[in-house]
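Participant: So here's query.pdb, just PDB, C-alpha atoms:
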```pdb
ATOM      1  CA  MET A 716     209.851  59.172  65.060
ATOM      2  CA  PRO A 717     208.381  61.809  62.695
ATOM      3  CA  ASN A 718     209.661  65.379  62.799
ATOM      4  CA  ILE A 719     208.546  68.768  61.507
ATOM      5  CA  LYS A 720     210.138  68.121  58.096
ATOM      6  CA  ASP A 721     207.982  64.999  57.707
ATOM      7  CA  VAL A 722     204.880  67.047  58.530
ATOM      8  CA  ALA A 723     205.886  69.658  55.950
ATOM      9  CA  ARG A 724     206.435  66.995  53.309
ATOM     10  CA  LYS A 725     203.134  65.235  54.089
ATOM     11  CA  SER A 726     201.111  68.463  54.022
ATOM     12  CA  GLY A 727     202.835  69.859  50.923
ATOM     13  CA  LEU A 728     203.890  72.986  52.818
ATOM     14  CA  SER A 729     207.195  74.514  53.826
ATOM     15  CA  VAL A 730     208.814  73.863  57.199
ATOM     16  CA  THR A 731     208.434  77.596  57.912
ATOM     17  CA  THR A 732     204.670  77.461  57.320
ATOM     18  CA  VAL A 733     204.275  74.382  59.511
ATOM     19  CA  SER A 734     206.267  76.152  62.228
ATOM     20  CA  ARG A 735     203.989  79.185  61.988
ATOM     21  CA  VAL A 736     200.934  76.954  62.446
ATOM     22  CA  LEU A 737     202.448  75.193  65.469
ATOM     23  CA  ASN A 738     203.470  78.471  67.081
ATOM     24  CA  ASN A 739     200.311  80.359  66.058
ATOM     25  CA  ARG A 740     202.327  83.197  64.497
ATOM     26  CA  GLY A 741     201.080  85.473  61.735
ATOM     27  CA  TYR A 742     198.055  84.987  59.488
ATOM     28  CA  ILE A 743     197.244  81.338  58.796
ATOM     29  CA  SER A 744     194.309  80.299  56.616
ATOM     30  CA  GLU A 745     191.929  77.634  57.871
ATOM     31  CA  LYS A 746     192.842  75.455  54.861
ATOM     32  CA  THR A 747     196.545  75.605  55.767
ATOM     33  CA  ARG A 748     195.870  74.921  59.416
ATOM     34  CA  LYS A 749     193.727  71.870  58.571
ATOM     35  CA  ALA A 750     196.406  70.537  56.197
ATOM     36  CA  VAL A 751     199.046  70.694  58.938
ATOM     37  CA  TYR A 752     196.807  69.125  61.598
ATOM     38  CA  SER A 753     195.755  66.384  59.200
ATOM     39  CA  ALA A 754     199.394  65.558  58.416
ATOM     40  CA  MET A 755     200.241  65.567  62.122
ATOM     41  CA  ALA A 756     197.389  63.154  62.848
ATOM     42  CA  GLU A 757     198.390  60.757  60.051
ATOM     43  CA  LEU A 758     202.030  60.751  61.179
ATOM     44  CA  HIS A 759     201.150  60.682  64.921
ATOM     45  CA  TYR A 760     203.410  63.693  65.298
ATOM     46  CA  GLN A 761     203.535  65.435  68.679
ATOM     47  CA  PRO A 762     205.384  68.790  68.747
ATOM     48  CA  ASN A 763     208.088  69.076  71.355
ATOM     49  CA  GLU A 764     206.570  71.685  73.699
ATOM     50  CA  LEU A 765     209.799  72.188  75.618
ATOM     51  CA  ALA A 766     211.800  72.861  72.481
ATOM     52  CA  ARG A 767     209.126  75.205  71.181
ATOM     53  CA  SER A 768     208.986  77.146  74.420
ATOM     54  CA  LEU A 769     212.760  77.523  74.519
ATOM     55  CA  PHE A 770     212.761  78.776  70.938
ATOM     56  CA  ARG A 771     209.974  81.266  71.583
ATOM     57  CA  GLN A 772     211.036  82.152  75.125
ATOM     58  CA  HIS A 773     207.396  81.511  76.005
ATOM     59  CA  SER A 774     205.634  78.400  77.241
ATOM     60  CA  ASN A 775     202.064  79.484  76.379
ATOM     61  CA  ILE A 776     201.122  78.210  79.833
ATOM     62  CA  LEU A 777     199.529  80.252  82.601
ATOM     63  CA  GLY A 778     199.891  79.144  86.209
ATOM     64  CA  VAL A 779     196.786  79.314  88.406
ATOM     65  CA  ILE A 780     196.965  79.005  92.193
ATOM     66  CA  MET A 781     193.634  78.486  93.964
ATOM     67  CA  PRO A 782     192.715  77.369  97.470
ATOM     68  CA  SER A 783     190.159  74.802  96.261
ATOM     69  CA  VAL A 784     187.817  73.832  93.450
ATOM     70  CA  GLU A 785     185.331  72.197  95.834
ATOM     71  CA  HIS A 786     183.796  75.603  96.493
ATOM     72  CA  PRO A 787     181.466  76.254  93.517
ATOM     73  CA  PHE A 788     182.717  79.839  93.086
ATOM     74  CA  PHE A 789     186.266  78.680  92.437
ATOM     75  CA  GLY A 790     185.076  75.858  90.198
ATOM     76  CA  LYS A 791     183.203  78.338  87.985
ATOM     77  CA  LEU A 792     186.109  80.775  88.071
ATOM     78  CA  LEU A 793     188.544  78.067  86.948
ATOM     79  CA  GLN A 794     186.270  77.154  84.031
ATOM     80  CA  SER A 795     186.243  80.789  82.961
ATOM     81  CA  ILE A 796     190.020  81.165  83.193
ATOM     82  CA  GLU A 797     190.601  77.992  81.173
ATOM     83  CA  LYS A 798     188.071  79.037  78.521
ATOM     84  CA  HIS A 799     189.559  82.480  77.972
ATOM     85  CA  ALA A 800     193.160  81.272  78.191
ATOM     86  CA  SER A 801     192.436  78.562  75.625
ATOM     87  CA  ALA A 802     190.819  81.074  73.278
ATOM     88  CA  ALA A 803     194.082  83.044  73.390
ATOM     89  CA  GLY A 804     196.189  79.951  72.645
ATOM     90  CA  PHE A 805     197.269  79.254  76.239
ATOM     91  CA  LYS A 806     197.003  76.221  78.486
ATOM     92  CA  ILE A 807     196.739  76.430  82.263
ATOM     93  CA  MET A 808     198.632  74.681  85.041
ATOM     94  CA  LEU A 809     196.448  74.417  88.141
ATOM     95  CA  CYS A 810     197.871  74.304  91.676
ATOM     96  CA  LEU A 811     195.537  73.766  94.657
ATOM     97  CA  SER A 812     196.942  75.118  97.911
ATOM     98  CA  ARG A 813     194.102  74.026 100.256
ATOM     99  CA  GLN A 814     194.762  77.015 102.549
ATOM    100  CA  ASP A 815     198.262  75.668 103.242
ATOM    101  CA  ALA A 816     200.693  78.632 103.215
ATOM    102  CA  ALA A 817     203.789  76.442 102.763
ATOM    103  CA  LYS A 818     202.194  74.616  99.830
ATOM    104  CA  GLU A 819     201.124  77.899  98.240
ATOM    105  CA  ILE A 820     204.657  79.284  98.438
ATOM    106  CA  GLU A 821     206.075  76.013  97.085
ATOM    107  CA  TYR A 822     203.699  76.158  94.113
ATOM    108  CA  LEU A 823     204.544  79.802  93.507
ATOM    109  CA  GLN A 824     208.282  79.068  93.417
ATOM    110  CA  MET A 825     207.706  76.081  91.146
ATOM    111  CA  LEU A 826     205.650  78.100  88.655
ATOM    112  CA  GLN A 827     208.145  80.977  88.587
ATOM    113  CA  GLY A 828     211.051  78.522  88.181
ATOM    114  CA  ASN A 829     209.382  76.560  85.390
ATOM    115  CA  LYS A 830     208.850  79.692  83.326
ATOM    116  CA  VAL A 831     205.122  79.751  82.887
ATOM    117  CA  ASP A 832     204.217  82.967  81.098
ATOM    118  CA  GLY A 833     202.242  84.431  83.987
ATOM    119  CA  ILE A 834     200.452  83.555  87.205
ATOM    120  CA  ILE A 835     196.835  84.110  88.236
ATOM    121  CA  LEU A 836     196.825  84.078  92.000
ATOM    122  CA  SER A 837     193.757  83.519  94.163
ATOM    123  CA  SER A 838     195.805  83.502  97.329
ATOM    124  CA  ARG A 839     194.748  83.019 100.940
ATOM    125  CA  SER A 840     198.260  82.978 102.427
ATOM    126  CA  ALA A 841     199.429  85.915 104.512
ATOM    127  CA  ASP A 842     203.068  85.104 103.690
ATOM    128  CA  ILE A 843     202.872  85.092  99.895
ATOM    129  CA  GLN A 844     204.083  88.612  99.059
ATOM    130  CA  SER A 845     207.751  88.209  99.992
ATOM    131  CA  HIS A 846     208.032  85.283  97.559
ATOM    132  CA  LEU A 847     206.864  87.135  94.443
ATOM    133  CA  ASN A 848     209.222  87.919  91.576
ATOM    134  CA  HIS A 849     207.969  91.403  90.723
ATOM    135  CA  LYS A 850     209.336  91.232  87.158
ATOM    136  CA  PHE A 851     206.944  88.344  86.517
ATOM    137  CA  PRO A 852     203.430  88.864  85.055
ATOM    138  CA  PHE A 853     200.969  88.487  87.931
ATOM    139  CA  VAL A 854     197.322  89.194  88.612
ATOM    140  CA  THR A 855     195.451  88.483  91.823
ATOM    141  CA  ILE A 856     191.756  87.798  92.195
ATOM    142  CA  ASP A 857     189.867  89.475  95.039
ATOM    143  CA  ARG A 858     193.021  90.422  96.923
ATOM    144  CA  ILE A 859     195.318  93.452  97.079
ATOM    145  CA  LEU A 860     198.941  92.424  97.673
ATOM    146  CA  ASN A 861     200.610  95.755  96.895
ATOM    147  CA  GLN A 862     200.272  98.723  94.588
ATOM    148  CA  SER A 863     202.379  97.195  91.808
ATOM    149  CA  ILE A 864     200.467  93.927  91.349
ATOM    150  CA  PRO A 865     197.131  94.296  89.525
ATOM    151  CA  TYR A 866     193.982  92.667  90.867
ATOM    152  CA  VAL A 867     190.534  91.832  89.536
ATOM    153  CA  SER A 868     187.471  91.817  91.751
ATOM    154  CA  SER A 869     183.740  92.369  91.733
ATOM    155  CA  ASP A 870     182.328  95.415  93.509
ATOM    156  CA  ASN A 871     182.025  93.724  96.894
ATOM    157  CA  TYR A 872     181.110  96.895  98.793
ATOM    158  CA  ARG A 873     178.296  97.731  96.386
ATOM    159  CA  GLY A 874     177.054  94.141  96.674
ATOM    160  CA  GLY A 875     176.960  94.350 100.452
ATOM    161  CA  CYS A 876     175.020  97.617 100.273
ATOM    162  CA  LEU A 877     172.488  96.186  97.797
ATOM    163  CA  ALA A 878     171.914  93.067  99.917
ATOM    164  CA  THR A 879     171.513  94.906 103.218
ATOM    165  CA  GLN A 880     169.329  97.703 101.840
ATOM    166  CA  HIS A 881     167.073  95.116 100.187
ATOM    167  CA  LEU A 882     166.435  93.477 103.575
ATOM    168  CA  ILE A 883     165.780  96.855 105.217
ATOM    169  CA  ASP A 884     163.410  97.886 102.419
ATOM    170  CA  LEU A 885     161.428  94.698 103.082
ATOM    171  CA  GLY A 886     160.971  95.695 106.730
ATOM    172  CA  CYS A 887     163.763  93.750 108.454
ATOM    173  CA  ARG A 888     165.082  95.437 111.600
ATOM    174  CA  ARG A 889     167.158  92.741 113.324
ATOM    175  CA  LEU A 890     169.833  92.067 110.760
ATOM    176  CA  GLY A 891     172.547  89.425 111.019
ATOM    177  CA  HIS A 892     175.653  88.716 108.953
ATOM    178  CA  ILE A 893     178.398  86.081 108.935
ATOM    179  CA  THR A 894     181.732  87.335 107.657
ATOM    180  CA  GLY A 895     184.534  85.415 106.006
ATOM    181  CA  PRO A 896     187.935  84.999 107.720
ATOM    182  CA  GLN A 897     189.262  88.451 108.625
ATOM    183  CA  LYS A 898     193.019  87.873 108.837
ATOM    184  CA  LEU A 899     193.625  88.516 105.120
ATOM    185  CA  GLN A 900     193.139  91.696 103.099
ATOM    186  CA  LEU A 901     190.549  90.149 100.790
ATOM    187  CA  GLN A 902     188.248  92.381  98.780
ATOM    188  CA  ALA A 903     185.401  90.127  99.935
ATOM    189  CA  ASN A 904     185.778  91.739 103.369
ATOM    190  CA  ARG A 905     184.250  94.873 101.895
ATOM    191  CA  ARG A 906     180.903  93.040 101.941
ATOM    192  CA  ASP A 907     181.142  93.058 105.730
ATOM    193  CA  GLU A 908     181.995  96.778 105.825
ATOM    194  CA  ALA A 909     179.014  97.534 103.589
ATOM    195  CA  PHE A 910     176.643  95.542 105.808
ATOM    196  CA  ILE A 911     177.748  97.408 108.946
ATOM    197  CA  ASP A 912     177.709 100.823 107.230
ATOM    198  CA  THR A 913     174.262 100.312 105.674
ATOM    199  CA  CYS A 914     172.760  99.068 108.946
ATOM    200  CA  ARG A 915     174.038 102.049 110.904
ATOM    201  CA  GLN A 916     172.989 104.516 108.234
ATOM    202  CA  ASN A 917     169.466 103.177 108.779
ATOM    203  CA  GLY A 918     169.611 103.281 112.575
ATOM    204  CA  ILE A 919     170.039  99.513 112.961
ATOM    205  CA  GLU A 920     172.718  97.893 115.143
ATOM    206  CA  PRO A 921     174.344  95.125 113.057
ATOM    207  CA  ILE A 922     174.726  91.589 114.418
ATOM    208  CA  VAL A 923     177.967  90.088 113.094
ATOM    209  CA  TYR A 924     179.531  86.639 113.450
ATOM    210  CA  SER A 925     183.020  85.850 112.091
ATOM    211  CA  SER A 926     183.732  82.534 110.388
ATOM    212  CA  SER A 927     187.156  80.865 110.211
ATOM    213  CA  GLU A 928     189.430  79.359 107.569
ATOM    214  CA  GLU A 929     188.291  75.968 108.880
ATOM    215  CA  ASN A 930     184.682  76.884 108.072
ATOM    216  CA  PHE A 931     185.784  77.904 104.579
ATOM    217  CA  SER A 932     187.787  74.689 104.047
ATOM    218  CA  ASN A 933     184.975  72.418 105.232
ATOM    219  CA  LEU A 934     182.146  74.483 103.724
ATOM    220  CA  ASP A 935     180.483  74.202 107.141
ATOM    221  CA  TYR A 936     178.895  77.223 108.838
ATOM    222  CA  TYR A 937     176.054  75.494 110.702
ATOM    223  CA  GLN A 938     177.220  76.298 114.241
ATOM    224  CA  ASP A 939     177.500  80.057 113.665
ATOM    225  CA  ILE A 940     174.221  80.141 111.749
ATOM    226  CA  GLU A 941     172.331  78.321 114.493
ATOM    227  CA  ALA A 942     173.827  80.581 117.169
ATOM    228  CA  MET A 943     172.811  83.701 115.245
ATOM    229  CA  LEU A 944     169.249  82.504 114.659
ATOM    230  CA  THR A 945     168.634  81.292 118.216
ATOM    231  CA  GLU A 946     170.504  83.907 120.250
ATOM    232  CA  HIS A 947     169.429  87.024 118.348
ATOM    233  CA  ARG A 948     166.142  86.081 116.650
ATOM    234  CA  VAL A 949     167.143  87.968 113.511
ATOM    235  CA  ASP A 950     164.491  88.664 110.879
ATOM    236  CA  GLY A 951     166.937  89.224 108.019
ATOM    237  CA  VAL A 952     170.381  87.837 107.240
ATOM    238  CA  PHE A 953     173.021  88.667 104.647
ATOM    239  CA  LEU A 954     175.498  85.845 104.177
ATOM    240  CA  GLY A 955     178.978  86.162 102.663
ATOM    241  CA  ASN A 956     178.337  83.436 100.070
ATOM    242  CA  ASP A 957     175.576  81.193  98.739
ATOM    243  CA  ILE A 958     176.874  78.120 100.594
ATOM    244  CA  MET A 959     176.221  79.952 103.880
ATOM    245  CA  ALA A 960     172.824  81.064 102.607
ATOM    246  CA  ALA A 961     171.800  77.519 101.623
ATOM    247  CA  GLN A 962     172.886  76.221 105.025
ATOM    248  CA  THR A 963     170.821  78.982 106.661
ATOM    249  CA  LEU A 964     167.770  77.572 104.880
ATOM    250  CA  GLN A 965     168.529  74.166 106.397
ATOM    251  CA  VAL A 966     169.048  75.523 109.918
ATOM    252  CA  ALA A 967     165.859  77.593 109.651
ATOM    253  CA  GLN A 968     163.911  74.480 108.643
ATOM    254  CA  LYS A 969     165.340  72.614 111.654
ATOM    255  CA  LEU A 970     164.307  75.474 113.965
ATOM    256  CA  LYS A 971     160.885  75.709 112.287
ATOM    257  CA  ILE A 972     161.505  79.284 111.118
ATOM    258  CA  SER A 973     159.504  80.030 107.978
ATOM    259  CA  ILE A 974     161.222  81.641 104.964
ATOM    260  CA  PRO A 975     160.589  84.425 104.008
ATOM    261  CA  GLU A 976     157.739  85.165 106.451
ATOM    262  CA  GLN A 977     159.836  85.072 109.643
ATOM    263  CA  LEU A 978     163.329  85.279 108.166
ATOM    264  CA  LYS A 979     164.572  86.772 104.908
ATOM    265  CA  ILE A 980     167.891  85.576 103.440
ATOM    266  CA  VAL A 981     170.305  87.100 100.926
ATOM    267  CA  GLY A 982     173.449  85.301  99.734
ATOM    268  CA  PHE A 983     176.375  86.288  97.548
ATOM    269  CA  ASP A 984     177.887  84.883  94.289
ATOM    270  CA  ASP A 985     174.831  83.479  92.433
ATOM    271  CA  ILE A 986     176.353  80.054  91.915
ATOM    272  CA  PRO A 987     173.971  77.481  90.319
ATOM    273  CA  LEU A 988     172.974  76.232  93.788
ATOM    274  CA  ALA A 989     171.156  79.522  94.456
ATOM    275  CA  SER A 990     168.381  78.704  91.975
ATOM    276  CA  LEU A 991     168.117  75.036  93.043
ATOM    277  CA  THR A 992     167.272  75.396  96.750
ATOM    278  CA  THR A 993     163.744  75.435  98.187
ATOM    279  CA  PRO A 994     162.940  78.270  98.448
ATOM    280  CA  THR A 995     165.322  79.669  95.850
ATOM    281  CA  LEU A 996     167.901  82.164  97.102
ATOM    282  CA  THR A 997     167.933  85.897  96.660
ATOM    283  CA  THR A 998     171.609  86.726  96.132
ATOM    284  CA  ILE A 999     174.183  89.131  94.763
ATOM    285  CA  ARG A1000     175.416  88.013  91.355
ATOM    286  CA  GLN A1001     179.154  88.255  90.793
ATOM    287  CA  PRO A1002     180.199  88.328  87.113
ATOM    288  CA  ILE A1003     182.390  85.224  87.580
ATOM    289  CA  ASP A1004     183.026  84.686  83.873
ATOM    290  CA  GLU A1005     184.074  88.320  83.474
ATOM    291  CA  ILE A1006     186.450  88.030  86.431
ATOM    292  CA  GLY A1007     188.198  85.087  84.747
ATOM    293  CA  LYS A1008     188.245  86.868  81.392
ATOM    294  CA  TYR A1009     189.808  90.040  82.793
ATOM    295  CA  ALA A1010     192.369  88.071  84.829
ATOM    296  CA  VAL A1011     193.593  86.384  81.636
ATOM    297  CA  GLU A1012     193.578  89.679  79.719
ATOM    298  CA  VAL A1013     195.683  91.391  82.397
ATOM    299  CA  ILE A1014     198.362  88.694  82.058
ATOM    300  CA  LEU A1015     198.295  88.821  78.240
ATOM    301  CA  ASN A1016     198.577  92.608  78.262
ATOM    302  CA  GLN A1017     201.576  92.445  80.587
ATOM    303  CA  LEU A1018     203.210  89.931  78.231
ATOM    304  CA  GLY A1019     202.564  92.328  75.363
ATOM    305  CA  GLY A1020     204.161  95.242  77.197
ATOM    306  CA  VAL A1021     200.847  97.026  77.694
ATOM    307  CA  VAL A1022     200.420  99.078  80.868
ATOM    308  CA  VAL A1023     197.586  97.500  82.862
ATOM    309  CA  PRO A1024     195.349  99.077  85.526
ATOM    310  CA  THR A1025     196.238  98.158  89.090
ATOM    311  CA  GLN A1026     192.581  97.440  89.795
ATOM    312  CA  THR A1027     189.662  96.128  87.774
ATOM    313  CA  ILE A1028     186.364  96.326  89.688
ATOM    314  CA  LEU A1029     183.378  94.689  87.997
ATOM    315  CA  PRO A1030     179.715  95.525  88.737
ATOM    316  CA  VAL A1031     177.351  93.240  90.683
ATOM    317  CA  THR A1032     173.565  92.893  90.617
ATOM    318  CA  LEU A1033     170.855  91.887  93.085
ATOM    319  CA  VAL A1034     168.928  88.790  91.972
ATOM    320  CA  LYS A1035     165.574  88.591  93.775
ATOM    321  CA  ARG A1036     164.191  85.116  94.443
ATOM    322  CA  GLN A1037     161.938  83.382  96.964
ATOM    323  CA  SER A1038     164.094  83.692 100.120
ATOM    324  CA  THR A1039     163.121  87.366 100.458
TER     325      THR A1039
END
```
What do you get writing this file as structure tokens?

Facilitator:
Amino acid sequence: MPNIKDVARKSGLSVTTVSRVLNNRGYISEKTRKAVYSAMAELHYQPNELARSLFRQHSNILGVIMPSVEHPFFGKLLQSIEKHASAAGFKIMLCLSRQDAAKEIEYLQMLQGNKVDGIILSSRSADIQSHLNHKFPFVTIDRILNQSIPYVSSDNYRGGCLATQHLIDLGCRRLGHITGPQKLQLQANRRDEAFIDTCRQNGIEPIVYSSSEENFSNLDYYQDIEAMLTEHRVDGVFLGNDIMAAQTLQVAQKLKISIPEQLKIVGFDDIPLASLTTPTLTTIRQPIDEIGKYAVEVILNQLGGVVVPTQTILPVTLVKRQST
């Protein structure tokens, strides 16, 4: 089995230079890098990642805990995290908790025990905080765990205000909203606060339905949507995500409610689905790629001993389409 000395001999470089290429340390010319990779390919040499990580005291792996990748928001977020981690020379280890608190805690303990360099946590477990090693580099997405763990989020409150005010400006006076699960301190809940505040500031009594974790897991909000449309005859709705908004289009079609003449709809996220529905969805665009980028940067800065902000709030925008 070939070793690093064989690679050095084949490439005509020193063992030290080959080691620098493998560990991405110091300046390395593209010519030198290509020579090493070419020698590795010819020899079928695979570096021993475990040995390298022990030598460096780093694994160059970031752990990522997410509830799901079936939801398009998390799928796009994962792509962003992987892209920016890879650009910095890191791989990711993905753990899917599926809203199972015990599984989330088990994954957390595994990642901390296996010495990944940091953990990006998109947690939906109420029990997670007591299991965190606070000396470990962490960042959460869209959730505040405590004042010492940094988080990255879009400006959910501003997004809720933009969505609700847009409906009011278009003449809607019976406004409905379906919230996400309320048991967790998610920053997404600020969308709900903004909807209620903006309605009342305009003399409108908000109509609010609360969804459950089961709705989130199954991506199924039909029952609440149909109840809201039939029981309250709303003329404008702000939904907590674009999946809800797309399902509202389907329920409205079933009930023979015309969009946007009788009902105006605003979603949240601006996932690709929003521009593919008929009619297309007006929505609040989250900067999903920027969220992933900043989450990776927060971990890398912690590894480098840089003091990081406890919160990173990114701006959102209203994207006007046919549903309003």

Participant: Can you translate the PyMOL selection byres ((chain A and resi 785-789) around 8) into the concrete residues it hits in this file, as a ChimeraX atom specification?

Facilitator: /A:781,783-784,790-793,934,984,986,1003

Participant: Between A:Val949, A:Leu978, A:Met943, A:Val1011, which residue has the minimum interatomic distance to Ser801 of chain A, considering all atoms listed in the file?

Facilitator: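 Among the listed residues, the smallest separation from Ser801 of chain A belongs to A:Val1011.
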
Participant: Could you list the residues chosen by the PyMOL selection byres ((chain A and resi 1002) around 9) in this structure as number ranges by chain?

Facilitator: A: 869, 984-985, 1000-1001, 1003-1007, 1029-1032

Participant: Please report the interatomic distance between atom CA of Ile922 of chain A and atom CA of Gly891 of chain A in Å with one decimal.

Facilitator: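 Distance reported for this atom pair: 4.6 Å.
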
Participant: Could you tell me, as a list in words, exactly which residues end up selected when the PyMOL selection byres ((chain A and resi 989) around 9) is applied to this structure?

Facilitator: Asp957, Ile958, Ala960, Ala961, Gly982, Asp984, Asp985, Ile986, Pro987, Leu988, Ser990, Leu991, Thr992, Thr995, Leu996, Thr997, Thr998 and Arg1036 of chain A

Participant: So, counting all atoms listed in the file, which residue among A:Tyr760, A:Tyr937, A:Phe983, A:Tyr1009 is closest to Val1034 of chain A?

Facilitator: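 Residue with the minimum atom-to-atom distance to Val1034 of chain A: A:Phe983.
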
Participant: Using atom CA of Ile776 of chain A and atom CA of Gln1017 of chain A as the two end points, give the distance in Å to one decimal.

Facilitator: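 We find that atom CA of Ile776 of chain A and atom CA of Gln1017 of chain A lie 14.3 Å from each other.
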
Participant: Which residues come within 12 Å of Ile972 of chain A, counting all atoms listed in the file, excluding same-chain residues fewer than 2 positions away, as number ranges by chain?

Facilitator: A: 941, 944-945, 948-951, 963-970, 974-980

Participant: Mind checking which residues fall within 8 Å of Val923 of chain A, counting only C-alpha atoms, ignoring those fewer than 2 positions away in the same chain, and posting them as a list in words?

Facilitator: Gly891, His892, Ile893, Thr894, Pro921 and Ser925 of chain A

Participant: Please, what is the axis-aligned box for every listed atom of segment 970-980 of chain A with 4 Å on each side, as centre and edge lengths in Å to one decimal, as JSON?

Facilitator:
```
{"center_x": 162.8, "center_y": 81.1, "center_z": 108.7, "size_x": 18.2, "size_y": 19.3, "size_z": 18.5}
```

Participant: Figure out the distance between atom CA of Pro994 of chain A and atom CA of Val981 of chain A, please, to one decimal in Å.

Facilitator: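 Separation between atom CA of Val981 of chain A and atom CA of Pro994 of chain A: 11.8 Å.
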
Participant: Find the residue from A:Met825, A:Ala816, A:Ile911, A:Ile1028 that sits nearest to Ile843 of chain A; use all atoms listed in the file when measuring.

Facilitator: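 Checking each of A:Met825, A:Ala816, A:Ile911, A:Ile1028 against Ile843 of chain A, counting all atoms listed in the file, the winner is A:Ala816.
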
Participant: Counting all atoms listed in the file, figure out which residue out of A:Leu954, A:Ile719, A:Leu811, A:Leu836 gets nearest to Tyr866 of chain A.

Facilitator: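 Among A:Leu954, A:Ile719, A:Leu811, A:Leu836, it is A:Leu836 that comes nearest to Tyr866 of chain A.
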
Participant: Within 12 Å of (177.4, 104.9, 103.2), all atoms listed in the file: residues as a ChimeraX atom specification?

Facilitator: /A:872-873,875-877,879-880,908-917
